[in-house]
file model_18.txt (compact mmCIF, C-alpha atoms)
# COMPACT_ATOMS: atom_id res chain seq x y z
CA MET A 7 159.65 -121.06 -87.28
CA ARG A 8 158.67 -122.52 -83.95
CA HIS A 9 158.26 -120.32 -80.91
CA ASP A 10 157.50 -121.61 -77.47
CA LEU A 11 154.96 -119.31 -75.89
CA ALA A 12 152.26 -121.12 -74.06
CA ASP A 13 151.98 -124.76 -74.90
CA ARG A 14 155.00 -126.00 -73.05
CA TYR A 15 153.41 -128.67 -70.88
CA SER A 16 150.10 -129.02 -72.70
CA HIS A 17 151.31 -132.11 -74.57
CA LEU A 18 151.67 -134.16 -71.37
CA ASP A 19 149.09 -136.79 -70.58
CA SER A 20 147.36 -136.74 -67.22
CA PRO A 21 143.83 -136.90 -65.81
CA VAL A 22 143.78 -133.11 -65.73
CA HIS A 23 144.99 -132.84 -69.32
CA ARG A 24 142.32 -135.22 -70.49
CA LEU A 25 139.45 -133.17 -69.04
CA ASP A 26 137.19 -131.36 -71.45
CA PRO A 27 138.44 -127.75 -71.71
CA ARG A 28 134.96 -126.35 -71.08
CA ILE A 29 134.54 -128.14 -67.78
CA LYS A 30 138.12 -127.29 -66.85
CA ILE A 31 137.42 -123.58 -67.26
CA ILE A 32 134.22 -123.85 -65.24
CA ALA A 33 135.96 -125.82 -62.48
CA ALA A 34 138.84 -123.32 -62.32
CA LEU A 35 136.44 -120.38 -62.17
CA ALA A 36 134.32 -122.04 -59.49
CA GLY A 37 137.41 -122.97 -57.47
CA ILE A 38 138.76 -119.42 -57.56
CA LEU A 39 135.34 -117.99 -56.66
CA ILE A 40 135.00 -120.30 -53.65
CA ILE A 41 138.48 -119.58 -52.33
CA VAL A 42 138.30 -115.82 -52.91
CA SER A 43 134.89 -115.54 -51.24
CA GLU A 44 136.15 -117.24 -48.06
CA PRO A 45 135.11 -114.83 -45.33
CA ARG A 46 137.20 -116.16 -42.42
CA TYR A 47 140.19 -113.83 -42.37
CA GLY A 48 143.16 -114.98 -40.40
CA GLU A 49 142.09 -118.57 -39.70
CA PRO A 50 144.75 -120.97 -40.95
CA ILE A 51 142.77 -124.24 -40.97
CA PRO A 52 140.46 -123.67 -43.99
CA PHE A 53 143.40 -122.46 -46.04
CA LEU A 54 145.40 -125.54 -45.11
CA PHE A 55 142.64 -127.66 -46.62
CA TYR A 56 142.17 -125.46 -49.70
CA SER A 57 145.89 -125.63 -50.33
CA SER A 58 145.95 -129.41 -50.06
CA VAL A 59 143.07 -129.79 -52.54
CA VAL A 60 144.84 -127.49 -55.02
CA ILE A 61 148.17 -129.25 -54.48
CA ILE A 62 146.56 -132.65 -55.08
CA VAL A 63 145.16 -131.42 -58.41
CA ALA A 64 148.57 -129.98 -59.27
CA ALA A 65 150.17 -133.36 -58.52
CA PHE A 66 147.60 -135.11 -60.72
CA SER A 67 148.34 -132.72 -63.58
CA LYS A 68 152.02 -133.79 -63.83
CA VAL A 69 153.05 -130.18 -64.46
CA PRO A 70 156.52 -129.91 -62.87
CA PRO A 71 156.22 -128.26 -59.42
CA VAL A 72 159.36 -126.24 -60.14
CA TYR A 73 157.62 -124.71 -63.15
CA ILE A 74 154.54 -123.82 -61.08
CA LEU A 75 156.74 -122.25 -58.39
CA LYS A 76 158.67 -120.30 -60.98
CA ARG A 77 155.48 -118.88 -62.49
CA LEU A 78 154.20 -118.07 -59.01
CA LEU A 79 157.44 -116.29 -58.22
CA ILE A 80 157.14 -114.12 -61.32
CA VAL A 81 153.70 -112.80 -60.40
CA SER A 82 154.33 -112.67 -56.65
CA PRO A 83 155.86 -109.18 -56.27
CA PHE A 84 152.54 -107.46 -56.76
CA ILE A 85 150.65 -109.93 -54.59
CA LEU A 86 153.27 -109.63 -51.85
CA MET A 87 153.02 -105.87 -52.07
CA ALA A 88 149.23 -105.97 -51.70
CA ALA A 89 149.41 -108.41 -48.79
CA PHE A 90 152.04 -106.26 -47.11
CA PHE A 91 150.23 -103.00 -47.79
CA TYR A 92 147.10 -104.11 -45.95
CA PRO A 93 148.67 -104.24 -42.46
CA LEU A 94 150.85 -101.24 -43.32
CA SER A 95 147.94 -99.07 -44.34
CA VAL A 96 145.97 -100.01 -41.21
CA TYR A 97 149.06 -99.17 -39.18
CA LEU A 98 149.55 -95.81 -40.84
CA SER A 99 145.95 -94.70 -40.53
CA LYS A 100 145.00 -96.16 -37.14
CA SER A 101 148.16 -97.09 -35.28
CA GLU A 102 146.48 -97.65 -31.89
CA PHE A 103 143.86 -99.92 -33.38
CA PHE A 104 146.65 -101.76 -35.13
CA LEU A 105 148.70 -102.33 -31.99
CA GLU A 106 145.67 -103.73 -30.16
CA ASN A 107 144.73 -106.14 -32.95
CA ARG A 108 148.16 -106.83 -34.35
CA GLN A 109 147.67 -110.58 -34.58
CA ILE A 110 144.38 -110.40 -36.49
CA ILE A 111 145.48 -107.74 -38.94
CA ILE A 112 148.75 -109.43 -39.82
CA SER A 113 147.02 -112.75 -40.34
CA ALA A 114 144.47 -110.96 -42.52
CA GLY A 115 147.39 -109.89 -44.71
CA LEU A 116 148.51 -113.52 -44.85
CA THR A 117 144.98 -114.55 -45.84
CA ILE A 118 145.11 -112.20 -48.83
CA LEU A 119 148.44 -113.76 -49.75
CA PHE A 120 147.04 -117.28 -49.60
CA LYS A 121 143.89 -116.47 -51.55
CA SER A 122 145.90 -114.89 -54.35
CA PHE A 123 148.55 -117.60 -54.47
CA LEU A 124 145.95 -120.38 -54.62
CA SER A 125 144.02 -118.60 -57.39
CA VAL A 126 147.23 -118.13 -59.36
CA ILE A 127 148.15 -121.81 -58.96
CA ILE A 128 144.70 -122.84 -60.24
CA LEU A 129 145.21 -120.54 -63.24
CA ILE A 130 148.70 -121.96 -63.87
CA ILE A 131 147.25 -125.48 -63.90
CA LEU A 132 144.46 -124.38 -66.24
CA GLY A 133 146.84 -122.60 -68.59
CA SER A 134 149.49 -125.28 -68.76
CA THR A 135 147.32 -128.37 -69.11
CA GLU A 136 145.45 -127.30 -72.22
CA LYS A 137 146.48 -126.01 -75.62
CA LEU A 138 145.63 -122.35 -75.89
CA HIS A 139 143.57 -122.68 -79.06
CA ARG A 140 141.41 -125.35 -77.39
CA LEU A 141 140.85 -123.06 -74.42
CA LEU A 142 139.74 -120.34 -76.82
CA HIS A 143 137.36 -122.72 -78.57
CA ALA A 144 135.98 -123.75 -75.21
CA LEU A 145 135.44 -120.10 -74.27
CA ARG A 146 133.54 -119.63 -77.53
CA LYS A 147 131.31 -122.56 -76.63
CA LEU A 148 130.78 -121.05 -73.18
CA LYS A 149 129.19 -118.05 -74.92
CA MET A 150 132.14 -115.68 -74.98
CA PRO A 151 131.35 -113.07 -77.70
CA SER A 152 132.69 -114.23 -81.05
CA LEU A 153 134.48 -110.93 -81.63
CA ILE A 154 136.65 -111.58 -78.56
CA THR A 155 137.50 -115.12 -79.58
CA THR A 156 138.23 -114.10 -83.17
CA ILE A 157 140.53 -111.32 -82.02
CA SER A 158 142.23 -113.75 -79.64
CA ALA A 159 142.79 -116.29 -82.38
CA LEU A 160 144.31 -113.62 -84.65
CA LEU A 161 146.28 -112.09 -81.80
CA TYR A 162 147.83 -115.45 -80.99
CA ARG A 163 148.96 -115.92 -84.58
CA TYR A 164 150.17 -112.33 -84.98
CA VAL A 165 152.38 -112.62 -81.89
CA PHE A 166 154.45 -115.17 -83.78
CA LEU A 167 154.42 -112.88 -86.81
CA ILE A 168 155.98 -110.13 -84.69
CA ALA A 169 158.47 -112.60 -83.20
CA ASP A 170 159.49 -113.67 -86.71
CA GLU A 171 160.01 -110.10 -87.85
CA ALA A 172 161.96 -109.34 -84.68
CA LEU A 173 164.23 -112.30 -85.37
CA LYS A 174 164.75 -111.27 -89.00
CA THR A 175 165.54 -107.63 -88.25
CA SER A 176 167.87 -108.61 -85.41
CA ARG A 177 169.73 -110.93 -87.72
CA ALA A 178 169.97 -108.19 -90.33
CA ARG A 179 171.31 -105.72 -87.80
CA GLU A 180 173.79 -108.25 -86.41
CA SER A 181 175.15 -109.06 -89.83
CA ARG A 182 175.74 -105.39 -90.58
CA THR A 183 177.04 -104.27 -87.19
CA PRO A 184 178.24 -107.35 -85.28
CA GLY A 185 178.77 -107.15 -81.55
CA HIS A 186 177.51 -104.50 -79.21
CA ILE A 187 176.53 -101.12 -80.49
CA ARG A 188 177.79 -98.36 -78.25
CA THR A 189 176.76 -95.06 -79.74
CA GLY A 190 173.30 -94.38 -81.00
CA ARG A 191 172.08 -97.67 -79.61
CA ILE A 192 168.68 -96.37 -78.55
CA LYS A 193 168.11 -94.88 -81.96
CA ALA A 194 169.00 -98.15 -83.66
CA MET A 195 166.64 -100.01 -81.35
CA GLY A 196 163.87 -97.50 -81.95
CA ASN A 197 164.24 -97.87 -85.69
CA GLN A 198 164.20 -101.62 -85.37
CA VAL A 199 160.99 -101.54 -83.32
CA ALA A 200 159.39 -99.27 -85.90
CA VAL A 201 160.37 -101.57 -88.75
CA ILE A 202 159.11 -104.63 -86.88
CA PHE A 203 155.77 -102.93 -86.27
CA LEU A 204 155.32 -101.74 -89.83
CA ARG A 205 156.33 -105.01 -91.46
CA SER A 206 154.15 -107.14 -89.24
CA TRP A 207 151.27 -104.70 -89.71
CA GLU A 208 151.54 -105.04 -93.50
CA ARG A 209 151.91 -108.80 -93.31
CA SER A 210 148.91 -109.12 -91.02
CA GLN A 211 146.81 -107.21 -93.56
CA PHE A 212 147.97 -109.51 -96.36
CA ILE A 213 147.32 -112.60 -94.29
CA TYR A 214 143.83 -111.41 -93.45
CA LYS A 215 143.14 -110.61 -97.08
CA SER A 216 144.13 -114.11 -98.14
CA MET A 217 142.04 -115.55 -95.30
CA LEU A 218 139.02 -113.60 -96.56
CA SER A 219 139.62 -114.72 -100.14
CA ARG A 220 139.61 -118.33 -98.94
CA GLY A 221 136.22 -117.91 -97.36
CA PHE A 222 137.00 -116.84 -93.77
CA LYS A 223 133.81 -115.51 -92.19
CA GLY A 224 135.08 -114.44 -88.80
CA GLU A 225 134.71 -117.78 -87.06
CA PHE A 226 137.37 -120.43 -86.72
CA PRO A 227 135.74 -123.80 -87.28
CA ASP A 228 136.30 -126.30 -84.49
CA MET A 229 137.38 -129.59 -85.96
CA GLU A 230 137.32 -131.51 -82.73
CA ILE A 231 134.08 -133.01 -81.58
CA SER A 232 134.23 -133.04 -77.83
CA ARG A 233 131.66 -134.58 -75.58
CA LEU A 234 131.44 -134.34 -71.84
CA GLY A 235 132.33 -137.72 -70.42
CA LEU A 236 131.65 -139.20 -67.00
CA THR A 237 135.25 -138.73 -65.86
CA ASP A 238 135.08 -135.03 -66.76
CA ILE A 239 132.06 -134.53 -64.56
CA VAL A 240 133.28 -136.72 -61.70
CA PHE A 241 136.76 -135.21 -61.55
CA SER A 242 135.77 -131.55 -61.71
CA GLY A 243 132.64 -132.18 -59.62
CA LEU A 244 134.81 -133.68 -56.91
CA PHE A 245 137.14 -130.67 -57.04
CA ILE A 246 134.31 -128.17 -56.69
CA ILE A 247 132.43 -130.17 -54.02
CA LEU A 248 135.55 -130.63 -51.88
CA LEU A 249 136.25 -126.90 -51.95
CA LEU A 250 132.58 -126.13 -51.22
CA LEU A 251 132.58 -128.52 -48.24
CA ILE A 252 135.64 -126.78 -46.80
CA ARG A 253 134.03 -123.39 -47.44
CA ILE A 254 130.73 -124.26 -45.77
CA PHE A 255 131.36 -126.81 -43.04
CA LEU A 256 134.94 -126.46 -41.91
CA MET B 54 149.00 -102.61 -62.63
CA HIS B 55 147.39 -106.03 -62.93
CA ILE B 56 145.27 -107.02 -59.97
CA SER B 57 145.27 -110.72 -59.09
CA ASP B 58 142.34 -112.65 -57.68
CA GLY B 59 141.82 -112.43 -53.94
CA ILE B 60 143.11 -108.90 -53.41
CA ILE B 61 140.10 -106.76 -54.25
CA ASN B 62 136.86 -107.84 -52.59
CA LEU B 63 134.42 -109.99 -54.48
CA PRO B 64 131.40 -107.64 -54.91
CA VAL B 65 133.60 -105.02 -56.57
CA CYS B 66 135.01 -107.67 -58.92
CA ILE B 67 131.60 -109.00 -59.91
CA ALA B 68 130.16 -105.53 -60.49
CA ALA B 69 133.21 -104.72 -62.63
CA ASN B 70 132.72 -107.85 -64.73
CA VAL B 71 129.10 -106.93 -65.42
CA ALA B 72 130.12 -103.38 -66.33
CA ALA B 73 132.94 -104.63 -68.56
CA ALA B 74 130.53 -106.90 -70.43
CA GLY B 75 128.30 -103.89 -71.05
CA ILE B 76 131.18 -101.75 -72.29
CA ILE B 77 132.40 -104.54 -74.57
CA TYR B 78 128.91 -104.81 -76.05
CA ALA B 79 128.66 -101.05 -76.60
CA SER B 80 132.19 -100.58 -77.94
CA ALA B 81 132.21 -103.64 -80.20
CA ARG B 82 128.81 -103.09 -81.77
CA GLY B 83 128.85 -102.83 -85.54
CA THR B 84 132.45 -103.95 -85.93
CA ASP B 85 133.21 -104.32 -89.61
CA SER B 86 135.22 -107.32 -90.73
CA ASP B 87 137.75 -104.87 -92.20
CA GLU B 88 138.63 -103.65 -88.72
CA ILE B 89 139.45 -107.08 -87.35
CA PRO B 90 143.08 -107.48 -88.53
CA ALA B 91 144.00 -104.07 -87.12
CA MET B 92 142.44 -105.07 -83.81
CA GLY B 93 144.28 -108.38 -83.76
CA MET B 94 147.57 -106.76 -84.71
CA THR B 95 147.29 -103.97 -82.14
CA GLY B 96 146.45 -106.60 -79.53
CA ALA B 97 149.48 -108.64 -80.52
CA ALA B 98 151.68 -105.54 -80.32
CA LEU B 99 150.36 -104.67 -76.84
CA PHE B 100 150.92 -108.26 -75.77
CA VAL B 101 154.49 -108.40 -77.06
CA VAL B 102 155.33 -105.04 -75.47
CA SER B 103 153.98 -106.29 -72.15
CA LEU B 104 156.46 -109.16 -72.23
CA ILE B 105 159.40 -106.77 -71.95
CA HIS B 106 159.89 -106.08 -68.28
CA PHE B 107 162.26 -103.67 -66.68
CA PRO B 108 162.91 -103.23 -62.98
CA MET B 109 161.70 -100.14 -61.15
CA ALA B 110 161.33 -99.37 -57.45
CA GLY B 111 161.52 -102.96 -56.30
CA THR B 112 159.01 -104.42 -58.71
CA SER B 113 159.17 -105.08 -62.41
CA ILE B 114 156.98 -103.04 -64.68
CA HIS B 115 156.22 -103.06 -68.35
CA LEU B 116 154.79 -100.57 -70.80
CA GLY B 117 151.08 -100.63 -71.52
CA LEU B 118 150.76 -98.46 -74.63
CA PHE B 119 147.06 -97.97 -73.91
CA GLY B 120 147.30 -94.42 -75.22
CA ILE B 121 148.54 -95.64 -78.61
CA ALA B 122 145.87 -98.34 -78.66
CA GLY B 123 143.23 -95.69 -78.06
CA ILE B 124 144.62 -93.45 -80.81
CA ILE B 125 144.75 -96.24 -83.38
CA LEU B 126 141.55 -98.12 -82.57
CA GLY B 127 139.24 -95.64 -80.88
CA ARG B 128 136.49 -97.33 -78.90
CA ARG B 129 137.41 -100.66 -80.44
CA SER B 130 140.45 -100.59 -78.16
CA PHE B 131 138.32 -101.78 -75.24
CA PRO B 132 137.56 -105.30 -76.52
CA VAL B 133 141.17 -105.55 -77.69
CA ILE B 134 142.53 -104.68 -74.26
CA PHE B 135 140.12 -107.19 -72.71
CA THR B 136 141.47 -109.86 -75.06
CA VAL B 137 145.08 -109.02 -74.26
CA LEU B 138 144.31 -109.31 -70.55
CA LEU B 139 142.56 -112.64 -71.11
CA PHE B 140 145.73 -113.85 -72.79
CA GLN B 141 147.96 -112.61 -70.04
CA SER B 142 145.70 -114.26 -67.52
CA LEU B 143 145.69 -117.64 -69.28
CA ILE B 144 149.36 -117.69 -70.26
CA PHE B 145 151.19 -115.73 -67.58
CA GLN B 146 148.61 -115.44 -64.79
CA HIS B 147 149.26 -111.71 -64.63
CA ASP B 148 145.58 -111.09 -64.01
CA GLY B 149 143.06 -113.23 -62.24
CA LEU B 150 140.00 -114.71 -63.88
CA ILE B 151 137.53 -112.94 -61.59
CA THR B 152 139.41 -109.65 -61.76
CA LEU B 153 139.49 -109.73 -65.57
CA GLY B 154 136.59 -107.28 -65.89
CA LEU B 155 138.10 -105.00 -63.29
CA ASN B 156 141.48 -104.90 -65.01
CA ALA B 157 139.82 -104.39 -68.38
CA ILE B 158 137.87 -101.41 -67.06
CA ASN B 159 140.98 -99.90 -65.48
CA MET B 160 143.15 -100.12 -68.56
CA GLY B 161 140.41 -99.78 -71.15
CA SER B 162 139.29 -96.48 -69.63
CA GLY B 163 142.83 -95.21 -70.09
CA ALA B 164 142.62 -96.02 -73.80
CA LEU B 165 139.11 -94.58 -74.21
CA LEU B 166 140.04 -91.31 -72.49
CA ALA B 167 143.24 -91.11 -74.52
CA ARG B 168 141.08 -91.33 -77.61
CA ILE B 169 138.85 -88.49 -76.42
CA ILE B 170 141.92 -86.30 -75.84
CA TRP B 171 143.34 -87.31 -79.21
CA ARG B 172 140.20 -86.03 -80.91
CA ILE B 173 140.52 -82.48 -79.54
CA LYS B 174 141.60 -81.05 -82.86
CA LYS B 175 142.32 -77.57 -81.50
CA LEU B 176 145.54 -78.66 -79.82
CA PRO B 177 148.71 -79.27 -81.85
CA GLU B 178 149.30 -82.93 -82.60
CA TYR B 179 152.41 -83.39 -80.44
CA ILE B 180 150.61 -82.11 -77.36
CA ARG B 181 147.65 -84.40 -78.02
CA ALA B 182 150.02 -87.36 -78.38
CA LEU B 183 151.85 -86.54 -75.15
CA LEU B 184 148.60 -86.12 -73.25
CA ALA B 185 147.09 -89.30 -74.70
CA GLY B 186 150.13 -91.36 -73.73
CA PHE B 187 150.10 -89.89 -70.24
CA THR B 188 146.34 -90.43 -69.77
CA GLY B 189 146.60 -94.02 -70.97
CA ILE B 190 148.64 -94.92 -67.89
CA ILE B 191 147.60 -92.46 -65.23
CA ILE B 192 143.85 -93.18 -65.50
CA PRO B 193 144.34 -96.92 -64.89
CA ALA B 194 146.64 -96.11 -61.96
CA LEU B 195 144.07 -93.73 -60.43
CA LEU B 196 141.26 -96.26 -60.86
CA MET B 197 143.36 -98.98 -59.28
CA THR B 198 144.13 -96.74 -56.32
CA ALA B 199 140.41 -96.03 -55.91
CA GLU B 200 139.63 -99.76 -55.91
CA PHE B 201 142.26 -100.43 -53.29
CA ILE B 202 140.81 -97.70 -51.11
CA ILE B 203 137.28 -99.15 -51.48
CA THR B 204 138.60 -102.55 -50.41
CA GLY B 205 140.24 -101.19 -47.27
CA TYR B 206 143.83 -100.52 -48.16
CA GLU B 207 144.27 -96.91 -47.28
CA SER B 208 147.10 -94.44 -47.27
CA ALA B 209 150.03 -96.67 -48.17
CA ILE B 210 148.76 -97.34 -51.65
CA ALA B 211 149.49 -93.75 -52.66
CA MET B 212 153.11 -94.83 -53.05
CA ILE B 213 152.11 -96.82 -56.12
CA LEU B 214 150.79 -93.68 -57.77
CA ALA B 215 154.23 -92.11 -57.56
CA ILE B 216 155.73 -95.02 -59.51
CA TYR B 217 153.05 -94.79 -62.17
CA LEU B 218 153.63 -91.06 -62.62
CA VAL B 219 157.11 -91.95 -63.86
CA VAL B 220 155.77 -94.71 -66.13
CA ALA B 221 153.13 -92.34 -67.51
CA ALA B 222 155.82 -89.78 -68.36
CA ILE B 223 157.82 -92.45 -70.21
CA GLU B 224 154.72 -93.58 -72.09
CA ALA B 225 153.94 -89.99 -73.06
CA GLY B 226 157.36 -89.77 -74.72
CA ILE B 227 156.96 -93.11 -76.49
CA THR B 228 153.47 -92.21 -77.70
CA LEU B 229 154.79 -88.95 -79.09
CA SER B 230 157.59 -90.64 -81.03
CA ALA B 231 155.20 -93.30 -82.31
CA VAL B 232 152.73 -90.66 -83.52
CA VAL B 233 155.49 -88.63 -85.20
CA PHE B 234 156.77 -91.79 -86.87
CA LEU B 235 153.35 -92.98 -88.04
CA ARG B 236 152.44 -89.52 -89.33
CA LYS B 237 155.55 -89.63 -91.51
CA VAL B 238 155.37 -93.24 -92.69
CA LYS B 239 151.81 -94.49 -92.47
CA PRO B 240 149.36 -91.70 -91.64
CA GLY B 241 146.40 -93.93 -92.53
CA ILE B 242 146.72 -95.70 -89.19
CA LEU B 243 146.29 -92.43 -87.32
CA ASN B 244 143.30 -91.37 -89.39
CA GLY B 245 141.39 -94.50 -88.54
CA SER B 246 141.55 -96.20 -91.92
CA HIS B 247 143.21 -99.40 -90.79
CA ALA B 248 142.14 -101.54 -93.67
CA ASP B 249 144.33 -100.88 -96.66
CA HIS B 250 142.33 -103.32 -98.73
CA LYS B 251 139.25 -101.14 -98.54
CA GLN B 252 140.62 -99.44 -101.62
CA LEU B 253 140.69 -102.73 -103.46
CA LYS B 254 136.97 -103.23 -103.33

call {"tool": "encode", "arguments": {"input": "model_18.txt", "output": "structure tokens"}}
result
Amino acid sequence: MRHDLADRYSHLDSPVHRLDPRIKIIAALAGILIIVSEPRYGEPIPFLFYSSVVIIVAAFSKVPPVYILKRLLIVSPFILMAAFFYPLSVYLSKSEFFLENRQIIISAGLTILFKSFLSVIILIILGSTEKLHRLLHALRKLKMPSLITTISALLYRYVFLIADEALKTSRARESRTPGHIRTGRIKAMGNQVAVIFLRSWERSQFIYKSMLSRGFKGEFPDMEISRLGLTDIVFSGLFIILLLLIRIFL
Amino acid sequence: MHISDGIINLPVCIAANVAAAGIIYASARGTDSDEIPAMGMTGAALFVVSLIHFPMAGTSIHLGLFGIAGIILGRRSFPVIFTVLLFQSLIFQHDGLITLGLNAINMGSGALLARIIWRIKKLPEYIRALLAGFTGIIIPALLMTAEFIITGYESAIAMILAIYLVVAAIEAGITLSAVVFLRKVKPGILNGSHADHKQLK
């Protein structure tokens, strides 16, 4: 059974897709660090430049802009709330101070908004231009503890296990009681959730047992030999240096 | 509950990442290979549950089940919660990359404290389950409020706490029914023997 979870646009081909996953993670982390550490609150010009650098990378990546906007929209409520709470909390605690410096405080709220949105866009590009298992391998090579990467690899597979069981039990329920269930619906749903959990738990144990019997030692071997090429270094170096220049000189 | 990059100030985030690395080291030390499938499966369950959103007070929220994670996995729940957050950050951008440690500490502490409450054997089991479920959510919410206050958001953030009180009450109920169910059907999970195949050896 095929489930679409993460790798929707990772099969595209673009300069960003072709980058080595290790350097892509480093570049994304560096980019977010630079933007988040920007100390000039309420000045629009640096953020204009940051945004254009990020948008250029997004354009290079060929990930549909509508998709990026949709993802951004999904995570935005909390960010909007935080950006809105900052002026509000200054207003509530020191209303005179707020009225005197209204302009600065409101633009500080906007700065928070921009920082978060840009970081999220960088993460969206990172997440949708690379297959998840390659990102996990890259994290392993970047010295992430092996326990974390092993759990992630299992977690990723088990999610589909749960999805499969959910599909099966839903089909079973539908074939016995077609249409909407009116009475006792919550109880039926609760039972279904319990069955899904138990069956996938048992299956995960069996799968792990058979993995062990086939010689699994806790590490997933990486079949791909990846080497850092010149384009990897130039492309991500350019990204980081441009952001750094904006951060320091502009 | 998830904090994105750029909202909490940088020094707090970096300190939290260092602390999270330390806690992961301490809580993951001596992990037996038998424990790994249970950790992966619990992580997958937390991840799937977090995909189901329902609207509340203007935003959409989802269940965390950190209390249940703490009951089932004990201190091993911390690396699992970190992994789930890493996934959510890479796939759905729910958390930032820099705030990963911060979010892990917030939610992981909920699970760790839930475990401590769960181990108070003097209380009847249903009370321990209710308390563990409640703690699993309210501790992260309190920590998050504290971080917002450190960063400079003041009074208004208290509103968030009110929302999470409701979520924590819901989670307490769900944790209770899960514990009652597991006690009936598969008590081994609650007693910490996750690996059924231990008996095979």

call {"tool": "atom_distance", "arguments": {"input": "model_18.txt", "atom1": "CA of Ile202 in chain A", "atom2": "CA of Ala98 in chain B"}}
result
10.0 Å

call {"tool": "atom_distance", "arguments": {"input": "model_18.txt", "atom1": "CA of Val69 in chain A", "atom2": "CA of Leu25 in chain A"}}
result
14.7 Å

call {"tool": "atom_distance", "arguments": {"input": "model_18.txt", "atom1": "CA of Phe90 in chain A", "atom2": "CA of Val63 in chain A"}}
result
28.4 Å

call {"tool": "residues_around", "arguments": {"input": "model_18.txt", "residues": "Ile252 in chain A", "least_positions_apart": "3", "cutoff": "8 Å", "atoms": "only C-alpha atoms", "output": "PyMOL selection string"}}
result
chain A and resi 52+55-56+248-249+255-256

call {"tool": "closest_atom_pairs", "arguments": {"input": "model_18.txt", "of": "range 159-240 of chain B", "to": "range 67-88 of chain B", "cutoff": "10 Å", "atoms": "only C-alpha atoms", "output": "CSV"}}
result
residue,atom,partner,partner_atom,distance
B:Asn159,CA,B:Ala69,CA,9.6
B:Gly161,CA,B:Ala73,CA,9.3
B:Leu165,CA,B:Ser80,CA,9.9

call {"tool": "residues_around", "arguments": {"input": "model_18.txt", "residues": "range 27-41 of chain A", "least_positions_apart": "6", "cutoff": "10 Å", "atoms": "all atoms listed in the file", "output": "number ranges by chain"}}
result
A: 52-53, 56-57, 60, 120-122, 124-129, 131-133, 135-138, 140-148, 232-234, 238-239, 241-250, 252-254; B: 58-59, 63, 149-151

call {"tool": "residues_around", "arguments": {"input": "model_18.txt", "residues": "Met92 in chain B", "least_positions_apart": "2", "cutoff": "12 Å", "atoms": "only C-alpha atoms", "output": "PyMOL selection string"}}
result
(chain A and resi 153-161+164+207+210-211+214) or (chain B and resi 81+84-90+94-99+122-123+125-137+242+245+247-248)

call {"tool": "residues_around", "arguments": {"input": "model_18.txt", "residues": "Ile110 in chain A", "least_positions_apart": "5", "cutoff": "9 Å", "atoms": "all atoms listed in the file", "output": "PyMOL selection string"}}
result
chain A and resi 47-48+115
